[in-house]
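Below is the file upload-v1.tsv, which contains TSV, C-alpha atoms and all ligand atoms.
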```
chain	number	residue	atom	x	y	z
A	1	MET	CA	-16.97	3.81	14.90
A	2	ASP	CA	-18.35	0.38	13.97
A	3	VAL	CA	-16.55	-2.10	11.76
A	4	SER	CA	-18.95	-1.65	8.82
A	5	SER	CA	-18.34	2.10	8.76
A	6	ALA	CA	-14.58	1.67	8.96
A	7	ILE	CA	-14.64	-0.82	6.06
A	8	ASP	CA	-16.86	1.47	4.03
A	9	GLN	CA	-14.85	4.62	4.72
A	10	ARG	CA	-11.40	3.13	4.12
A	11	LEU	CA	-9.94	4.14	0.80
A	12	SER	CA	-6.48	4.37	-0.67
A	13	VAL	CA	-5.34	7.81	0.42
A	14	ARG	CA	-2.90	9.32	-2.07
A	15	ALA	CA	-2.50	12.83	-0.61
A	16	TYR	CA	-1.88	13.78	3.01
A	17	GLN	CA	-1.89	16.79	5.29
A	18	ASP	CA	1.45	18.07	6.50
A	19	LYS	CA	0.71	16.90	10.02
A	20	PRO	CA	2.68	14.32	12.01
A	21	VAL	CA	1.10	11.19	13.45
A	22	PRO	CA	1.72	11.12	17.22
A	23	SER	CA	4.10	8.27	17.97
A	24	ASP	CA	1.83	6.91	20.75
A	25	LEU	CA	-1.02	6.67	18.25
A	26	LEU	CA	1.19	4.87	15.74
A	27	LYS	CA	2.29	2.42	18.42
A	28	SER	CA	-1.26	1.79	19.61
A	29	ILE	CA	-2.49	1.12	16.04
A	30	LEU	CA	0.28	-1.44	15.49
A	31	THR	CA	-0.35	-3.02	18.89
A	32	GLU	CA	-4.08	-3.36	18.22
A	33	ALA	CA	-3.49	-4.68	14.69
A	34	GLN	CA	-1.36	-7.39	16.27
A	35	ARG	CA	-4.66	-9.11	17.22
A	36	SER	CA	-5.03	-10.05	13.53
A	37	PRO	CA	-5.31	-13.78	12.92
A	38	SER	CA	-2.64	-15.85	11.22
A	39	GLY	CA	-2.42	-19.55	10.46
A	40	GLY	CA	-0.82	-21.36	13.40
A	41	ASN	CA	-0.64	-17.94	15.08
A	42	LEU	CA	2.71	-17.46	13.32
A	43	GLN	CA	2.23	-13.66	13.15
A	44	PRO	CA	4.58	-13.69	10.16
A	45	TRP	CA	4.75	-9.91	9.78
A	46	ARG	CA	7.45	-7.49	10.82
A	47	VAL	CA	6.99	-3.76	10.55
A	48	ILE	CA	9.60	-1.05	10.15
A	49	ALA	CA	7.89	2.28	10.81
A	50	LEU	CA	9.68	5.09	9.02
A	51	THR	CA	9.30	8.73	10.01
A	52	GLY	CA	11.56	11.79	9.90
A	53	THR	CA	15.08	11.25	8.61
A	54	ALA	CA	14.68	7.47	8.30
A	55	GLN	CA	11.71	8.00	5.98
A	56	GLN	CA	13.48	10.73	4.01
A	57	ASP	CA	16.51	8.46	3.55
A	58	VAL	CA	14.28	5.83	1.93
A	59	ILE	CA	12.69	8.48	-0.30
A	60	ASN	CA	16.16	9.69	-1.32
A	61	LEU	CA	17.28	6.14	-2.05
A	62	ALA	CA	14.21	5.55	-4.22
A	63	THR	CA	14.75	8.81	-6.09
A	64	GLU	CA	18.35	7.90	-6.79
A	65	LYS	CA	17.68	4.28	-7.79
A	66	LEU	CA	14.70	5.08	-9.99
A	67	ALA	CA	16.62	7.87	-11.73
A	68	GLN	CA	19.24	5.27	-12.68
A	69	ASN	CA	16.70	2.62	-13.60
A	70	PRO	CA	13.03	3.71	-13.77
A	71	ARG	CA	11.85	0.09	-14.10
A	72	GLY	CA	13.42	-0.84	-10.79
A	73	GLU	CA	15.12	-4.06	-9.82
A	74	PRO	CA	14.25	-7.60	-10.89
A	75	THR	CA	12.12	-9.57	-8.44
A	76	ASP	CA	10.78	-13.11	-8.43
A	77	ARG	CA	7.63	-11.82	-6.70
A	78	PRO	CA	5.99	-9.51	-9.25
A	79	VAL	CA	2.92	-7.56	-8.14
A	80	TYR	CA	0.68	-9.13	-10.83
A	81	PRO	CA	0.84	-12.25	-12.98
A	82	GLU	CA	2.69	-11.52	-16.21
A	83	SER	CA	-0.35	-10.88	-18.34
A	84	LEU	CA	-3.67	-10.31	-16.61
A	85	TRP	CA	-6.89	-11.86	-17.92
A	86	GLU	CA	-10.52	-10.83	-17.58
A	87	PRO	CA	-12.14	-9.57	-15.44
A	88	TYR	CA	-8.92	-8.55	-13.66
A	89	ARG	CA	-7.35	-6.75	-16.59
A	90	SER	CA	-10.41	-4.47	-16.95
A	91	ARG	CA	-10.65	-3.83	-13.23
A	92	ARG	CA	-7.04	-2.73	-13.12
A	93	PHE	CA	-7.52	-0.52	-16.15
A	94	GLU	CA	-10.69	1.04	-14.74
A	95	ILE	CA	-9.24	2.06	-11.38
A	96	GLY	CA	-6.24	3.59	-13.14
A	97	GLU	CA	-8.49	5.56	-15.48
A	98	ALA	CA	-10.74	6.68	-12.59
A	99	LEU	CA	-7.73	7.99	-10.70
A	100	TYR	CA	-6.23	9.81	-13.67
A	101	ALA	CA	-9.65	11.25	-14.60
A	102	ALA	CA	-9.96	12.68	-11.08
A	103	LEU	CA	-6.46	14.13	-11.47
A	104	ASP	CA	-7.33	15.41	-14.94
A	105	ILE	CA	-4.36	13.67	-16.57
A	106	PRO	CA	-5.31	12.27	-20.00
A	107	ARG	CA	-4.01	8.95	-21.37
A	108	GLU	CA	-1.78	10.70	-23.91
A	109	ASP	CA	0.08	12.58	-21.20
A	110	LYS	CA	2.28	9.63	-20.29
A	111	LEU	CA	4.91	11.85	-18.71
A	112	LYS	CA	2.43	13.45	-16.33
A	113	ARG	CA	0.99	10.04	-15.44
A	114	LEU	CA	4.46	8.71	-14.69
A	115	SER	CA	5.32	11.74	-12.65
A	116	TRP	CA	2.12	11.34	-10.61
A	117	PHE	CA	2.93	7.65	-10.08
A	118	ALA	CA	6.35	8.66	-8.75
A	119	ASN	CA	4.52	10.14	-5.72
A	120	ASN	CA	4.29	6.53	-4.56
A	121	TYR	CA	8.00	6.68	-3.83
A	122	ARG	CA	7.47	9.68	-1.54
A	123	PHE	CA	4.70	7.84	0.33
A	124	PHE	CA	2.30	10.36	-1.26
A	125	GLY	CA	3.50	12.90	1.30
A	126	ALA	CA	2.40	10.79	4.28
A	127	PRO	CA	4.43	11.41	7.44
A	128	VAL	CA	4.72	7.67	8.15
A	129	GLY	CA	5.88	4.88	5.86
A	130	LEU	CA	5.35	1.37	7.17
A	131	MET	CA	7.60	-1.22	5.60
A	132	MET	CA	6.09	-4.69	5.80
A	133	VAL	CA	8.79	-7.32	6.06
A	134	ILE	CA	8.38	-11.09	5.76
A	135	ASP	CA	10.75	-14.03	5.88
A	136	GLU	CA	11.51	-15.23	2.35
A	137	ARG	CA	11.00	-18.82	3.44
A	138	MET	CA	7.32	-18.16	4.14
A	139	GLY	CA	4.77	-19.35	1.60
A	140	HIS	CA	1.61	-17.88	0.08
A	141	GLY	CA	-0.36	-18.63	3.28
A	142	GLN	CA	1.82	-16.34	5.36
A	143	TRP	CA	1.68	-13.61	2.72
A	144	ALA	CA	-2.10	-13.75	3.03
A	145	HIS	CA	-1.83	-13.49	6.82
A	146	MET	CA	0.33	-10.43	6.39
A	147	GLY	CA	-2.59	-8.98	4.43
A	148	MET	CA	-4.89	-9.51	7.41
A	149	PHE	CA	-2.55	-7.48	9.57
A	150	MET	CA	-2.38	-4.76	6.93
A	151	GLN	CA	-6.16	-4.50	6.67
A	152	SER	CA	-6.36	-4.20	10.46
A	153	VAL	CA	-3.89	-1.32	10.32
A	154	ALA	CA	-5.96	0.34	7.60
A	155	LEU	CA	-9.23	0.02	9.57
A	156	LEU	CA	-7.67	1.21	12.82
A	157	ALA	CA	-6.27	4.15	10.91
A	158	VAL	CA	-9.77	5.11	9.75
A	159	GLU	CA	-11.10	4.80	13.28
A	160	ASN	CA	-8.44	7.29	14.37
A	161	GLY	CA	-9.05	9.82	11.60
A	162	LEU	CA	-6.05	8.63	9.61
A	163	GLY	CA	-5.72	7.25	6.10
A	164	THR	CA	-3.51	4.67	4.45
A	165	CYS	CA	-2.38	3.53	1.05
A	166	MET	CA	-0.96	0.05	0.60
A	167	GLN	CA	2.09	0.24	-1.63
A	168	GLU	CA	3.31	-2.88	-3.35
A	169	CYS	CA	5.17	-0.51	-5.67
A	170	TRP	CA	8.09	-0.60	-3.22
A	171	GLY	CA	8.72	-4.17	-4.40
A	172	ILE	CA	10.65	-2.89	-7.41
A	173	LEU	CA	13.31	-1.66	-4.97
A	174	ARG	CA	13.34	-4.85	-2.91
A	175	THR	CA	17.07	-5.53	-3.32
A	176	SER	CA	18.22	-2.01	-2.45
A	177	LEU	CA	15.78	-1.72	0.42
A	178	LYS	CA	16.86	-5.02	1.89
A	179	GLU	CA	20.35	-3.62	2.21
A	180	HIS	CA	19.31	-0.11	3.20
A	181	LEU	CA	16.90	-1.30	5.91
A	182	GLN	CA	19.46	-3.85	7.08
A	183	LEU	CA	17.03	-6.75	6.89
A	184	GLN	CA	18.10	-10.20	8.02
A	185	PRO	CA	19.55	-12.41	5.25
A	186	THR	CA	16.29	-14.41	5.05
A	187	GLU	CA	14.00	-11.39	5.18
A	188	MET	CA	12.43	-9.47	2.33
A	189	LEU	CA	10.26	-6.41	1.90
A	190	TYR	CA	6.72	-7.28	0.84
A	191	CYS	CA	4.89	-3.96	0.76
A	192	GLY	CA	4.84	-0.40	2.06
A	193	ILE	CA	1.93	1.41	3.70
A	194	ALA	CA	1.65	5.19	3.62
A	195	LEU	CA	-0.03	6.45	6.78
A	196	GLY	CA	-1.13	9.92	7.79
A	197	TYR	CA	-3.96	12.43	8.01
A	198	PRO	CA	-5.74	12.50	4.65
A	199	ASP	CA	-6.01	15.65	2.59
A	200	MET	CA	-9.62	15.06	1.60
A	201	GLU	CA	-9.68	18.16	-0.61
A	202	HIS	CA	-7.17	16.57	-2.97
A	203	PRO	CA	-8.74	15.19	-6.18
A	204	ALA	CA	-6.86	11.88	-5.80
A	205	ASN	CA	-8.85	11.22	-2.65
A	206	GLN	CA	-12.21	11.81	-4.35
A	207	VAL	CA	-12.06	8.46	-6.14
A	208	ARG	CA	-14.46	5.85	-4.84
A	209	SER	CA	-13.27	2.58	-6.39
A	210	ASP	CA	-15.82	0.15	-7.83
A	211	ARG	CA	-16.50	-3.34	-6.61
A	212	ALA	CA	-18.01	-6.30	-8.42
A	213	PRO	CA	-21.54	-7.13	-7.25
A	214	LEU	CA	-22.17	-10.03	-4.89
A	215	ASN	CA	-23.32	-12.43	-7.63
A	216	GLU	CA	-20.01	-11.99	-9.50
A	217	PHE	CA	-17.81	-13.27	-6.71
A	218	ALA	CA	-20.03	-15.34	-4.42
A	219	GLU	CA	-22.28	-18.30	-4.93
A	220	PHE	CA	-24.62	-19.80	-2.42
A	221	ARG	CA	-25.13	-23.53	-2.43
A	222	ASN	CA	-27.46	-25.59	-0.33
B	1	LIG	C1	-1.45	-5.04	-1.14
B	1	LIG	C2	-1.83	-3.81	-1.88
B	1	LIG	C3	-0.87	-3.09	-2.57
B	1	LIG	C4	-1.18	-1.91	-3.23
B	1	LIG	N1	-0.20	-1.18	-3.85
B	1	LIG	C5	-0.46	0.05	-4.34
B	1	LIG	C6	0.58	0.88	-4.82
B	1	LIG	O1	1.75	0.49	-4.87
B	1	LIG	N2	0.26	2.14	-5.21
B	1	LIG	C7	-1.02	2.61	-5.17
B	1	LIG	O2	-1.24	3.78	-5.52
B	1	LIG	N3	-2.05	1.83	-4.74
B	1	LIG	C8	-1.80	0.58	-4.30
B	1	LIG	N4	-2.81	-0.20	-3.81
B	1	LIG	C9	-4.16	0.34	-3.73
B	1	LIG	C10	-5.15	-0.32	-4.70
B	1	LIG	O3	-4.99	0.22	-5.98
B	1	LIG	C11	-6.55	-0.07	-4.14
B	1	LIG	O4	-6.69	-0.73	-2.92
B	1	LIG	C12	-7.68	-0.53	-5.06
B	1	LIG	O5	-7.63	0.14	-6.28
B	1	LIG	C13	-9.04	-0.30	-4.41
B	1	LIG	O6	-9.19	1.07	-4.08
B	1	LIG	P1	-9.45	1.54	-2.56
B	1	LIG	O7	-8.30	1.04	-1.74
B	1	LIG	O8	-9.50	3.03	-2.63
B	1	LIG	O9	-10.74	0.93	-2.13
B	1	LIG	C14	-2.52	-1.43	-3.22
B	1	LIG	C15	-3.50	-2.19	-2.54
B	1	LIG	C16	-3.17	-3.34	-1.88
B	1	LIG	C17	-4.23	-4.10	-1.13
```
Re-express the file's structure as structure tokens.
Ligand SMILES: Cc1cc2nc3c(=O)[nH]c(=O)nc-3n(C[C@H](O)[C@H](O)[C@H](O)COP(=O)(O)O)c2cc1C
Amino acid sequence: MDVSSAIDQRLSVRAYQDKPVPSDLLKSILTEAQRSPSGGNLQPWRVIALTGTAQQDVINLATEKLAQNPRGEPTDRPVYPESLWEPYRSRRFEIGEALYAALDIPREDKLKRLSWFANNYRFFGAPVGLMMVIDERMGHGQWAHMGMFMQSVALLAVENGLGTCMQECWGILRTSLKEHLQLQPTEMLYCGIALGYPDMEHPANQVRSDRAPLNEFAEFRN
């Protein structure tokens, strides 16, 4: 598979087959993704790959914590700025609506939408949950470098017939997960990644997200 095809075929996979990912394949994807660039070659990412009981324990923890407090725990690193502006606000709205339309869950059915969203905290049924850990002392540059590693994982997954979904949603359980995953005092969870064999029959995986055209985000000067 060439890079262009992998980029084009990658999508956020939100339903998976009940089929394990061979551990050698998981290890080779992470090893290959390690070639991702980072400023100063810091390689500021750390990955905790959860499968089996370790993954189920995290799912159980999330279920318990979110039952107590559905909004999750306070964090000084929110996923989005407090109030989004255009065009970002509309883009966020549109992808949400596209997903819920594919799932046939109308806007009024808030309960059903919330209950679908809760699938995030089960890794959407993926057999692997990657927890992306970064040192809290790192700045925005290193967070961006972490993103490079994550995109490499996502593209390598496609090349190997797998799918991924990045999951910043885990950030609302940052405090509990820091303790549960026994992170170092200076470490924090940035993001999760669900990884597994996609269930391409599932309506959630039929959504092809939009992108702004070239002239909206790029300018060419000479
Ligand atoms: C860093 C990052 C975090 C994300 N977090 C979530 C998440 O918590 N839950 C979710 O369902 N999708 C999440 N997404 C997926 C985005 O919604 C998705 O990438 C975007 O809508 C574009 O769709 P596509 O990935 O299918 O092209 C995340 C994406 C990125 C890059």
List as a CSV table (one decimal) with C-alpha atoms, keeping the file's coordinate frame the protein and nucleic acid residues near Asp135 of chain A, meaning an atom at most 8 Å away when all atoms listed in the file are counted, but skip any in the same chain fewer than 4 places from it.
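Generated output (selection.csv):
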```csv
chain,number,residue,atom,x,y,z
A,44,PRO,CA,4.6,-13.7,10.2
A,186,THR,CA,16.3,-14.4,5.0
A,187,GLU,CA,14.0,-11.4,5.2
A,188,MET,CA,12.4,-9.5,2.3
```
Long-range neighbours of Glu94 of chain A as a ChimeraX atom specification, 12 Å cut-off, all atoms listed in the file, 3 positions minimum in chain = /A:87-91,97-101,207-211
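For ligand LIG 1 (chain B), the protein and nucleic acid residues at most 8 Å away, judged by all atoms listed in the file, amount to Arg10, Leu11, Ser12, Val13, Arg14, Arg92, Ile95, Gly96, Phe117, Asn120, Gly147, Cys165, Met166, Gln167, Glu168, Cys169, Trp170, Cys191, Gly192, Val207, Arg208, Ser209 and Asp210 of chain A.
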Using all atoms listed in the file: which of A:Arg221, A:Arg71, A:Arg46, A:Arg137 has the shortest distance to Ala118 of chain A |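 Residue with the minimum atom-to-atom distance to Ala118 of chain A: A:Arg71.
Taking all atoms listed in the file, the non-local environment of Ser23 of chain A within 12 Å (same-chain residues fewer than 5 positions away omitted) comprises A:Ser28, A:Ile29, A:Leu30, A:Ala49, A:Leu50, A:Thr51, A:Gly52, A:Pro127, A:Val128, A:Gly196.
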Using all atoms listed in the file, what residues lie at most 10 Å away from (5.8, 9.5, 0.0) (file coordinates), given as a PyMOL selection string?
-> chain A and resi 14-16+55-56+58-59+118-129+193-195
By how many Å are atom CA of Gln9 of chain A and atom CA of Asp199 of chain A apart?
->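 Atom-to-atom, atom CA of Gln9 of chain A to atom CA of Asp199 of chain A, that is 14.3 Å.
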From A:Ile7, A:Ala67, A:Met1, A:Ala54, residue lying nearest Gln151 of chain A [all atoms listed in the file] |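 Checking each candidate against Gln151 of chain A, we get A:Ile7 as the closest.
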So how many Å separate atom CA of Met148 of chain A and atom CA of Gly161 of chain A, to one decimal?
->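 Taking atom CA of Met148 of chain A as the start and atom CA of Gly161 of chain A as the end point, the length is 20.2 Å.
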Within 10 Å of Gly141 of chain A, counting only C-alpha atoms, which residues show up once you throw out same-chain ones fewer than 3 positions away? Write them as a list in words, please.
-> Ser38, Gly39, Pro44, Met138, Ala144, His145, Met146 and Gly147 of chain A
What is the atom CA of Pro78 of chain A-atom CA of Ser176 of chain A distance in Å, reported with one decimal?
->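 Interatomic distance, atom CA of Pro78 of chain A to atom CA of Ser176 of chain A: 15.9 Å.
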Minimum-distance residue to Ile48 of chain A, chosen among A:Ala62, A:Met132, A:Ala157, A:Ala102 (using only C-alpha atoms) |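 Of the candidates, the smallest distance to Ile48 of chain A is held by A:Met132.
Proximity to Leu61 of chain A was assessed for A:Val153, A:Leu173, A:Ile105, A:Ala218 counting all atoms listed in the file; the smallest distance is recorded for A:Leu173.
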Subset file: segment 52-75 of chain A, N, CA and C atoms, as a PDB file, in the first residue's frame:
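What ended up in out.pdb:
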```pdb
ATOM      1  N   GLY A  52      -6.759  -7.469  26.905  1.00  0.00           N
ATOM      2  CA  GLY A  52      -7.206  -8.442  27.913  1.00  0.00           C
ATOM      3  C   GLY A  52      -7.672  -7.796  29.205  1.00  0.00           C
ATOM      4  N   THR A  53      -7.217  -8.366  30.326  1.00  0.00           N
ATOM      5  CA  THR A  53      -7.668  -7.902  31.638  1.00  0.00           C
ATOM      6  C   THR A  53      -7.258  -6.460  31.898  1.00  0.00           C
ATOM      7  N   ALA A  54      -6.049  -6.090  31.468  1.00  0.00           N
ATOM      8  CA  ALA A  54      -5.580  -4.712  31.703  1.00  0.00           C
ATOM      9  C   ALA A  54      -6.505  -3.711  31.013  1.00  0.00           C
ATOM     10  N   GLN A  55      -6.976  -4.066  29.820  1.00  0.00           N
ATOM     11  CA  GLN A  55      -7.892  -3.168  29.111  1.00  0.00           C
ATOM     12  C   GLN A  55      -9.259  -3.151  29.814  1.00  0.00           C
ATOM     13  N   GLN A  56      -9.717  -4.345  30.196  1.00  0.00           N
ATOM     14  CA  GLN A  56     -11.026  -4.424  30.863  1.00  0.00           C
ATOM     15  C   GLN A  56     -11.023  -3.649  32.179  1.00  0.00           C
ATOM     16  N   ASP A  57      -9.902  -3.687  32.899  1.00  0.00           N
ATOM     17  CA  ASP A  57      -9.800  -2.942  34.160  1.00  0.00           C
ATOM     18  C   ASP A  57      -9.982  -1.443  33.926  1.00  0.00           C
ATOM     19  N   VAL A  58      -9.416  -0.942  32.837  1.00  0.00           N
ATOM     20  CA  VAL A  58      -9.559   0.487  32.515  1.00  0.00           C
ATOM     21  C   VAL A  58     -11.020   0.792  32.145  1.00  0.00           C
ATOM     22  N   ILE A  59     -11.620  -0.116  31.385  1.00  0.00           N
ATOM     23  CA  ILE A  59     -13.037   0.071  31.019  1.00  0.00           C
ATOM     24  C   ILE A  59     -13.897   0.090  32.285  1.00  0.00           C
ATOM     25  N   ASN A  60     -13.609  -0.835  33.205  1.00  0.00           N
ATOM     26  CA  ASN A  60     -14.384  -0.886  34.457  1.00  0.00           C
ATOM     27  C   ASN A  60     -14.201   0.388  35.267  1.00  0.00           C
ATOM     28  N   LEU A  61     -12.961   0.863  35.317  1.00  0.00           N
ATOM     29  CA  LEU A  61     -12.678   2.094  36.058  1.00  0.00           C
ATOM     30  C   LEU A  61     -13.476   3.263  35.457  1.00  0.00           C
ATOM     31  N   ALA A  62     -13.461   3.342  34.131  1.00  0.00           N
ATOM     32  CA  ALA A  62     -14.185   4.432  33.458  1.00  0.00           C
ATOM     33  C   ALA A  62     -15.681   4.337  33.751  1.00  0.00           C
ATOM     34  N   THR A  63     -16.213   3.126  33.688  1.00  0.00           N
ATOM     35  CA  THR A  63     -17.646   2.937  33.938  1.00  0.00           C
ATOM     36  C   THR A  63     -17.996   3.415  35.346  1.00  0.00           C
ATOM     37  N   GLU A  64     -17.164   3.027  36.284  1.00  0.00           N
ATOM     38  CA  GLU A  64     -17.414   3.394  37.680  1.00  0.00           C
ATOM     39  C   GLU A  64     -17.301   4.914  37.878  1.00  0.00           C
ATOM     40  N   LYS A  65     -16.226   5.498  37.383  1.00  0.00           N
ATOM     41  CA  LYS A  65     -15.980   6.934  37.584  1.00  0.00           C
ATOM     42  C   LYS A  65     -17.037   7.781  36.877  1.00  0.00           C
ATOM     43  N   LEU A  66     -17.414   7.379  35.670  1.00  0.00           N
ATOM     44  CA  LEU A  66     -18.371   8.195  34.920  1.00  0.00           C
ATOM     45  C   LEU A  66     -19.795   8.023  35.449  1.00  0.00           C
ATOM     46  N   ALA A  67     -20.039   6.890  36.125  1.00  0.00           N
ATOM     47  CA  ALA A  67     -21.352   6.725  36.779  1.00  0.00           C
ATOM     48  C   ALA A  67     -21.451   7.700  37.945  1.00  0.00           C
ATOM     49  N   GLN A  68     -20.337   7.886  38.656  1.00  0.00           N
ATOM     50  CA  GLN A  68     -20.314   8.832  39.791  1.00  0.00           C
ATOM     51  C   GLN A  68     -20.376  10.274  39.301  1.00  0.00           C
ATOM     52  N   ASN A  69     -19.643  10.534  38.220  1.00  0.00           N
ATOM     53  CA  ASN A  69     -19.537  11.910  37.726  1.00  0.00           C
ATOM     54  C   ASN A  69     -19.420  11.896  36.197  1.00  0.00           C
ATOM     55  N   PRO A  70     -20.567  11.981  35.504  1.00  0.00           N
ATOM     56  CA  PRO A  70     -20.564  11.845  34.041  1.00  0.00           C
ATOM     57  C   PRO A  70     -19.711  12.887  33.329  1.00  0.00           C
ATOM     58  N   ARG A  71     -19.452  14.027  33.972  1.00  0.00           N
ATOM     59  CA  ARG A  71     -18.637  15.067  33.325  1.00  0.00           C
ATOM     60  C   ARG A  71     -17.145  14.792  33.440  1.00  0.00           C
ATOM     61  N   GLY A  72     -16.791  13.843  34.283  1.00  0.00           N
ATOM     62  CA  GLY A  72     -15.381  13.502  34.437  1.00  0.00           C
ATOM     63  C   GLY A  72     -14.666  14.445  35.390  1.00  0.00           C
ATOM     64  N   GLU A  73     -13.356  14.383  35.335  1.00  0.00           N
ATOM     65  CA  GLU A  73     -12.520  15.099  36.300  1.00  0.00           C
ATOM     66  C   GLU A  73     -11.969  16.389  35.693  1.00  0.00           C
ATOM     67  N   PRO A  74     -11.749  17.398  36.539  1.00  0.00           N
ATOM     68  CA  PRO A  74     -11.203  18.651  36.010  1.00  0.00           C
ATOM     69  C   PRO A  74      -9.818  18.437  35.408  1.00  0.00           C
ATOM     70  N   THR A  75      -9.520  19.158  34.353  1.00  0.00           N
ATOM     71  CA  THR A  75      -8.187  19.085  33.742  1.00  0.00           C
ATOM     72  C   THR A  75      -7.797  20.472  33.266  1.00  0.00           C
TER      73      THR A  75
END
```
